[in-house]
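S.K.: What follows is query08.txt, made up of compact mmCIF, C-alpha atoms:
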# COMPACT_ATOMS: atom_id res chain seq x y z
CA MET N 99 0.00 0.00 0.00
CA ILE N 100 1.34 3.43 -0.99
CA ILE N 101 0.32 6.41 1.14
CA ASP N 102 0.99 10.05 0.21
CA PHE N 103 1.01 11.61 3.66
CA HIS N 104 1.26 15.27 2.65
CA SER N 105 -0.71 16.98 -0.12
CA HIS N 106 -2.61 20.11 -1.02
CA ILE N 107 -5.27 18.58 -3.25
CA LEU N 108 -8.39 20.20 -1.81
CA PRO N 109 -9.74 22.96 -4.08
CA HIS N 110 -9.80 26.61 -2.98
CA MET N 111 -8.18 25.90 0.39
CA ASP N 112 -4.69 27.38 0.27
CA ASP N 113 -1.82 27.80 -2.19
CA GLY N 114 -2.56 24.30 -3.47
CA ALA N 115 -5.24 23.25 -5.97
CA LYS N 116 -6.77 26.46 -7.30
CA ASP N 117 -9.97 24.81 -8.52
CA LEU N 118 -11.80 21.51 -8.82
CA ASN N 119 -10.26 20.61 -12.18
CA THR N 120 -6.77 20.99 -10.74
CA SER N 121 -7.72 18.76 -7.80
CA LEU N 122 -8.99 16.07 -10.14
CA SER N 123 -5.86 16.24 -12.30
CA MET N 124 -3.68 15.90 -9.21
CA LEU N 125 -5.67 12.92 -7.96
CA LYS N 126 -5.43 11.28 -11.37
CA LYS N 127 -1.65 11.69 -11.35
CA LEU N 128 -1.43 10.27 -7.82
CA LYS N 129 -3.41 7.24 -8.94
CA GLU N 130 -1.06 6.79 -11.92
CA ASP N 131 1.84 6.96 -9.47
CA GLY N 132 0.41 3.98 -7.61
CA VAL N 133 -0.92 5.91 -4.59
CA ASP N 134 -3.69 4.12 -2.70
CA ILE N 135 -4.36 6.70 0.01
CA VAL N 136 -3.64 10.43 0.02
CA VAL N 137 -3.83 12.57 3.16
CA ALA N 138 -5.20 16.01 2.33
CA THR N 139 -3.24 18.47 4.47
CA PRO N 140 -4.20 22.08 3.65
CA HIS N 141 -2.23 24.80 5.40
CA PHE N 142 -3.62 26.08 8.68
CA TYR N 143 -2.28 29.32 10.16
CA ARG N 144 -3.73 30.15 13.56
CA HIS N 145 -2.66 33.79 13.30
CA LYS N 146 -4.82 34.13 10.18
CA GLU N 147 -7.88 32.02 10.92
CA GLU N 148 -9.97 30.46 13.65
CA ILE N 149 -9.89 26.67 13.85
CA SER N 150 -13.65 26.45 13.39
CA THR N 151 -13.52 28.59 10.24
CA PHE N 152 -10.77 26.44 8.78
CA LEU N 153 -12.66 23.23 9.49
CA ASP N 154 -15.80 24.63 7.90
CA ARG N 155 -13.88 25.62 4.75
CA ARG N 156 -12.19 22.23 4.61
CA SER N 157 -15.50 20.41 4.92
CA LYS N 158 -17.04 22.40 2.07
CA SER N 159 -13.98 21.91 -0.13
CA PHE N 160 -13.93 18.17 0.49
CA GLU N 161 -17.65 17.88 -0.18
CA GLU N 162 -17.20 19.63 -3.53
CA LEU N 163 -14.42 17.22 -4.42
CA LYS N 164 -16.34 14.13 -3.29
CA GLN N 165 -19.26 15.00 -5.55
CA ALA N 166 -16.95 15.01 -8.57
CA ILE N 167 -14.85 11.87 -8.07
CA ASP N 168 -15.31 8.22 -8.85
CA LYS N 169 -13.84 6.40 -5.88
CA LYS N 170 -12.73 3.54 -8.10
CA LYS N 171 -10.56 5.84 -10.21
CA TYR N 172 -8.84 7.88 -7.53
CA PRO N 173 -6.94 7.25 -4.29
CA LYS N 174 -8.85 7.26 -1.03
CA ILE N 175 -8.74 10.71 0.58
CA VAL N 176 -8.13 11.13 4.31
CA LEU N 177 -8.55 14.58 5.83
CA GLY N 178 -5.84 16.31 7.84
CA ALA N 179 -4.04 19.63 8.02
CA GLU N 180 -0.54 21.06 7.84
CA VAL N 181 -0.54 23.11 11.00
CA TYR N 182 1.96 25.94 11.27
CA MET N 183 3.45 26.03 14.76
CA SER N 184 2.19 28.95 16.79
CA LYS N 185 2.61 29.87 20.44
CA SER N 186 -1.15 30.35 20.68
CA PHE N 187 -1.60 26.61 20.21
CA VAL N 188 -0.36 26.07 23.72
CA TYR N 189 -3.62 27.58 24.95
CA GLU N 190 -6.05 25.98 22.51
CA ASP N 191 -7.74 22.68 21.78
CA PHE N 192 -6.32 21.53 18.46
CA ASP N 193 -7.43 17.88 18.50
CA SER N 194 -9.75 18.62 15.58
CA LEU N 195 -6.73 19.37 13.39
CA CYS N 196 -5.40 15.83 13.68
CA ILE N 197 -5.57 13.45 10.74
CA GLU N 198 -9.13 12.14 10.86
CA HIS N 199 -9.81 9.24 13.23
CA THR N 200 -6.30 9.50 14.70
CA ASP N 201 -4.35 11.30 17.42
CA TYR N 202 -1.64 12.39 14.95
CA MET N 203 -1.16 15.96 13.74
CA LEU N 204 1.13 17.15 10.93
CA LEU N 205 3.02 20.14 12.30
CA GLU N 206 5.03 22.60 10.22
CA MET N 207 7.93 24.19 12.07
CA PRO N 208 8.70 27.92 11.71
CA TRP N 209 10.87 28.99 8.79
CA HIS N 210 12.71 31.62 10.81
CA LYS N 211 15.63 31.04 13.15
CA TRP N 212 15.12 28.26 15.71
CA ASP N 213 16.05 29.03 19.31
CA ASN N 214 15.16 28.04 22.86
CA ASP N 215 11.74 29.70 22.57
CA ILE N 216 10.95 27.47 19.60
CA LEU N 217 11.99 24.40 21.57
CA SER N 218 9.89 25.51 24.53
CA THR N 219 6.80 26.03 22.37
CA LEU N 220 7.23 22.63 20.78
CA ASP N 221 7.58 21.02 24.20
CA SER N 222 4.37 22.70 25.33
CA ILE N 223 2.47 21.39 22.33
CA ILE N 224 3.87 17.88 22.77
CA ASN N 225 3.06 17.83 26.48
CA LYS N 226 -0.36 19.48 26.24
CA SER N 227 -2.34 16.38 25.38
CA ASN N 228 -2.19 12.89 23.97
CA ILE N 229 -1.74 14.20 20.45
CA ARG N 230 1.24 12.75 18.60
CA ILE N 231 3.24 15.17 16.48
CA VAL N 232 4.50 14.41 12.97
CA LEU N 233 6.90 17.09 11.78
CA ALA N 234 6.33 18.01 8.13
CA HIS N 235 9.10 17.92 5.48
CA ILE N 236 11.76 17.81 8.18
CA GLU N 237 14.64 17.62 5.67
CA ARG N 238 13.97 21.17 4.46
CA TYR N 239 15.25 22.64 7.69
CA LEU N 240 18.68 21.02 7.47
CA LYS N 241 20.10 23.90 5.46
CA MET N 242 18.07 26.59 7.19
CA VAL N 243 18.54 26.27 10.94
CA ASP N 244 21.33 25.75 13.44
CA ARG N 245 22.18 22.04 13.47
CA LYS N 246 22.22 22.06 17.28
CA TYR N 247 18.56 23.04 17.42
CA PHE N 248 17.66 20.74 14.54
CA ASN N 249 19.12 17.76 16.41
CA GLN N 250 17.29 18.74 19.60
CA VAL N 251 13.98 18.98 17.76
CA ILE N 252 14.20 15.57 16.07
CA SER N 253 15.32 13.97 19.35
CA LYS N 254 12.03 14.94 21.01
CA ASP N 255 8.93 12.75 21.20
CA VAL N 256 7.97 13.40 17.59
CA LEU N 257 7.70 11.49 14.34
CA LEU N 258 9.03 12.73 11.02
CA GLN N 259 7.63 13.12 7.51
CA MET N 260 9.88 13.64 4.47
CA ASN N 261 9.03 14.97 1.01
CA CYS N 262 9.75 12.96 -2.13
CA GLU N 263 11.59 16.01 -3.42
CA CYS N 264 14.56 15.29 -1.17
CA PHE N 265 15.10 11.84 -2.69
CA ILE N 266 14.73 13.13 -6.24
CA GLN N 267 16.97 16.19 -5.84
CA MET N 268 19.79 14.43 -4.05
CA GLY N 269 22.27 17.00 -5.32
CA PHE N 270 20.61 19.66 -3.20
CA PHE N 271 19.56 17.49 -0.27
CA ASP N 272 22.80 15.87 0.87
CA LYS N 273 22.53 12.07 0.93
CA LYS N 274 24.47 11.79 4.18
CA ASN N 275 22.09 14.16 5.95
CA ILE N 276 19.04 12.41 4.51
CA ASN N 277 20.43 9.07 5.66
CA THR N 278 20.98 10.52 9.13
CA ILE N 279 17.29 11.43 9.32
CA LEU N 280 16.19 8.03 8.03
CA ASN N 281 18.43 6.30 10.58
CA THR N 282 16.63 7.98 13.49
CA GLY N 283 13.90 5.39 13.04
CA LYS N 284 11.35 8.19 13.37
CA VAL N 285 10.47 8.68 9.70
CA CYS N 286 6.90 7.44 9.54
CA ALA N 287 5.78 8.94 6.26
CA ILE N 288 6.72 10.42 2.92
CA GLY N 289 4.65 12.80 0.85
CA SER N 290 4.51 14.55 -2.49
CA ASP N 291 3.52 17.88 -0.89
CA CYS N 292 1.89 18.50 -4.26
CA HIS N 293 0.25 21.88 -4.83
CA ASN N 294 -0.55 21.93 -8.54
CA MET N 295 0.18 20.23 -11.86
CA ASP N 296 3.22 22.24 -12.93
CA SER N 297 5.78 23.61 -10.48
CA ARG N 298 4.78 21.32 -7.59
CA SER N 299 3.02 18.38 -9.17
CA PRO N 300 2.55 14.91 -7.62
CA ASN N 301 5.91 13.10 -7.62
CA MET N 302 5.39 9.96 -5.56
CA LYS N 303 6.44 7.59 -8.32
CA ASP N 304 9.76 9.35 -8.93
CA GLY N 305 10.35 9.83 -5.21
CA ILE N 306 9.78 6.18 -4.43
CA LYS N 307 12.02 5.11 -7.31
CA CYS N 308 14.87 7.29 -6.03
CA LEU N 309 14.33 6.21 -2.42
CA GLN N 310 14.51 2.56 -3.38
CA SER N 311 17.62 2.99 -5.53
CA LYS N 312 19.66 5.08 -3.06
CA PHE N 313 18.79 3.70 0.36
CA LYS N 314 18.19 0.40 2.15
CA LYS N 315 15.82 -1.93 0.36
CA ASP N 316 13.38 -2.21 3.27
CA THR N 317 13.18 1.56 3.91
CA LEU N 318 10.06 2.16 1.83
CA ASP N 319 8.21 -0.84 3.26
CA ASN N 320 8.98 0.23 6.82
CA ILE N 321 7.82 3.80 6.19
CA MET N 322 4.59 2.71 4.51
CA GLU N 323 3.86 0.28 7.32
CA SER N 324 4.28 3.13 9.82
CA SER N 325 1.99 5.37 7.76
CA LYS N 326 -0.69 2.70 7.69
CA LEU N 327 -0.42 2.22 11.45
CA ILE N 328 -0.84 5.97 11.94
CA LEU N 329 -3.99 6.02 9.83
CA ASP N 330 -5.25 3.10 11.93
CA ASN N 331 -4.20 5.06 15.05
CA GLN N 332 -2.07 2.14 16.19
CA LEU N 333 1.54 3.31 15.91
Can the structure in the file be given as structure tokens, please?
M.R.:
Amino acid sequence: MIIDFHSHILPHMDDGAKDLNTSLSMLKKLKEDGVDIVVATPHFYRHKEEISTFLDRRSKSFEELKQAIDKKKYPKIVLGAEVYMSKSFVYEDFDSLCIEHTDYMLLEMPWHKWDNDILSTLDSIINKSNIRIVLAHIERYLKMVDRKYFNQVISKDVLLQMNCECFIQMGFFDKKNINTILNTGKVCAIGSDCHNMDSRSPNMKDGIKCLQSKFKKDTLDNIMESSKLILDNQL
């Protein structure tokens, strides 16, 4: 079973699919890539929107998409969110932002400099409830933040998601660093992080091919097994 754990396929939600036709084209490409399940993870920014407003928009977007798809022709869609880390989350109930029917939430770390305040906020979110945190596209931060803070973050009680892009563009994403992340044993998912059909189109097939050719043979199977367990809320 192939699971795309990170995507922006829902129409009109964020900087992903701009309309229904784009969503359908993306889903078709995912199916061609062999994807069985895709987790729809539209961006959520607490400083821009109330949780209830976001959930209402997501529900309407998903309903529009459901009316247009033939379930036999497209991957199964599971609802989630890519939640941008905010200090305000320490004081709110964000269970509803978890991947549906699970206790797992995909969390996007800040793009600015990481410091002790960032670590403290992450600790507060982790310790606030029984929610399990999956950090989105963790490899992107390798070249952006102080390695000391990066290592502290991935050593916490979190799981990690990686984008297919890092396996495809191995010249930019250093293989040694990618292998270091994989060897933590915390990588539970990979995703296309697809947004459209041109600059950020679905790339699961190419990503999987590169992953299998450049890393241990059982890496993909182990990751997909972890993803399935998450969706079953059993990991």
S.K.: Using only C-alpha atoms, find the one residue out of N:Cys286, N:Ser157, N:Gln267, N:Leu205 that sits nearest to Met322 (chain N).
M.R.: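 Smallest separation from Met322 (chain N) among the options: N:Cys286.
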S.K.: So that I can see what lies close to Ser123 (chain N), please list as an mmCIF file with C-alpha atoms, in the frame of the given file the residues with an atom at most 12 Å from it, counting all atoms listed in the file and leaving out residues fewer than 2 positions away in the same chain.
M.R.:
data_model
loop_
_atom_site.group_PDB
_atom_site.id
_atom_site.type_symbol
_atom_site.label_atom_id
_atom_site.label_comp_id
_atom_site.auth_asym_id
_atom_site.auth_seq_id
_atom_site.Cartn_x
_atom_site.Cartn_y
_atom_site.Cartn_z
ATOM 1 C CA ILE N 107 -5.270 18.580 -3.250
ATOM 2 C CA LEU N 108 -8.390 20.200 -1.810
ATOM 3 C CA PRO N 109 -9.740 22.960 -4.080
ATOM 4 C CA ALA N 115 -5.240 23.250 -5.970
ATOM 5 C CA LYS N 116 -6.770 26.460 -7.300
ATOM 6 C CA ASP N 117 -9.970 24.810 -8.520
ATOM 7 C CA LEU N 118 -11.800 21.510 -8.820
ATOM 8 C CA ASN N 119 -10.260 20.610 -12.180
ATOM 9 C CA THR N 120 -6.770 20.990 -10.740
ATOM 10 C CA SER N 121 -7.720 18.760 -7.800
ATOM 11 C CA LEU N 125 -5.670 12.920 -7.960
ATOM 12 C CA LYS N 126 -5.430 11.280 -11.370
ATOM 13 C CA LYS N 127 -1.650 11.690 -11.350
ATOM 14 C CA LEU N 128 -1.430 10.270 -7.820
ATOM 15 C CA LYS N 129 -3.410 7.240 -8.940
ATOM 16 C CA GLU N 130 -1.060 6.790 -11.920
ATOM 17 C CA LEU N 163 -14.420 17.220 -4.420
ATOM 18 C CA ALA N 166 -16.950 15.010 -8.570
ATOM 19 C CA ILE N 167 -14.850 11.870 -8.070
ATOM 20 C CA LYS N 171 -10.560 5.840 -10.210
ATOM 21 C CA TYR N 172 -8.840 7.880 -7.530
ATOM 22 C CA CYS N 292 1.890 18.500 -4.260
ATOM 23 C CA HIS N 293 0.250 21.880 -4.830
ATOM 24 C CA ASN N 294 -0.550 21.930 -8.540
ATOM 25 C CA MET N 295 0.180 20.230 -11.860
ATOM 26 C CA ASP N 296 3.220 22.240 -12.930
ATOM 27 C CA SER N 299 3.020 18.380 -9.170
ATOM 28 C CA PRO N 300 2.550 14.910 -7.620
#
S.K.: Between N:Val243, N:Leu318, N:Met207, N:Ile231, which is the closest to Met183 (chain N) once you count all atoms listed in the file?
M.R.: N:Met207
S.K.: What's the 12 Å shell around Ile223 (chain N), counting only C-alpha atoms, without same-chain residues fewer than 6 positions away, as a list in words?
M.R.: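 Listing them by chain and then by number gives Val181, Tyr182, Met183, Ser184, Lys185, Ser186, Phe187, Val188, Tyr189, Glu190, Asp191, Phe192, Asp193, Met203, Leu205, Met207, Ile216, Leu217, Ile229, Arg230, Ile231, Val232, Lys254, Asp255 and Val256 of chain N.
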S.K.: Could you please determine the separation between CA of Ile276 (chain N) and CA of Phe142 (chain N) in Å, to one decimal place?
M.R.: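 One can read the CA of Ile276 (chain N) to CA of Phe142 (chain N) distance as 26.8 Å.
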S.K.: What is the distance between CA of Glu148 (chain N) and CA of Ser105 (chain N), in Å to one decimal?
M.R.: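 Interatomic distance here is 21.4 Å.
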S.K.: Can you list every residue of region 124-241 of chain N that has an atom at most 12 Å from region 279-282 of chain N, with its nearest atom pair and the distance in Å to one decimal, using all atoms listed in the file, ordered by chain then number, as CSV?
M.R.:
residue,atom,partner,partner_atom,distance
N:His235,CA,N:Ile279,CA,11.1
N:Ile236,CA,N:Ile279,CA,8.5
N:Glu237,CA,N:Ile279,CA,7.7
N:Arg238,CA,N:Ile279,CA,11.4
N:Tyr239,CA,N:Ile279,CA,11.5
N:Leu240,CA,N:Ile279,CA,9.9
S.K.: Please provide as a tab-separated table (two decimals) with C-alpha atoms, in the coordinates of the input all residues within 8 Å of region 131-133 of chain N, with the sequence filter that same-chain residues fewer than 3 positions apart are discarded (counting all atoms listed in the file).
M.R.:
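Now in result_29.tsv:
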chain	number	residue	atom	x	y	z
N	99	MET	CA	0.00	0.00	0.00
N	100	ILE	CA	1.34	3.43	-0.99
N	101	ILE	CA	0.32	6.41	1.14
N	102	ASP	CA	0.99	10.05	0.21
N	127	LYS	CA	-1.65	11.69	-11.35
N	128	LEU	CA	-1.43	10.27	-7.82
N	136	VAL	CA	-3.64	10.43	0.02
N	173	PRO	CA	-6.94	7.25	-4.29
N	301	ASN	CA	5.91	13.10	-7.62
N	302	MET	CA	5.39	9.96	-5.56
N	303	LYS	CA	6.44	7.59	-8.32
S.K.: Please compute the CA of Tyr202 (chain N)-CA of His145 (chain N) distance, one decimal, in Å.
M.R.: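 Rounded to one decimal, the two atoms are 21.5 Å apart.
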S.K.: Pick from N:Ile266, N:Met242, N:Val176, N:Leu195: nearest to Pro208 (chain N), with all atoms listed in the file counted?
M.R.: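 Among N:Ile266, N:Met242, N:Val176, N:Leu195, it is N:Met242 that comes nearest to Pro208 (chain N).
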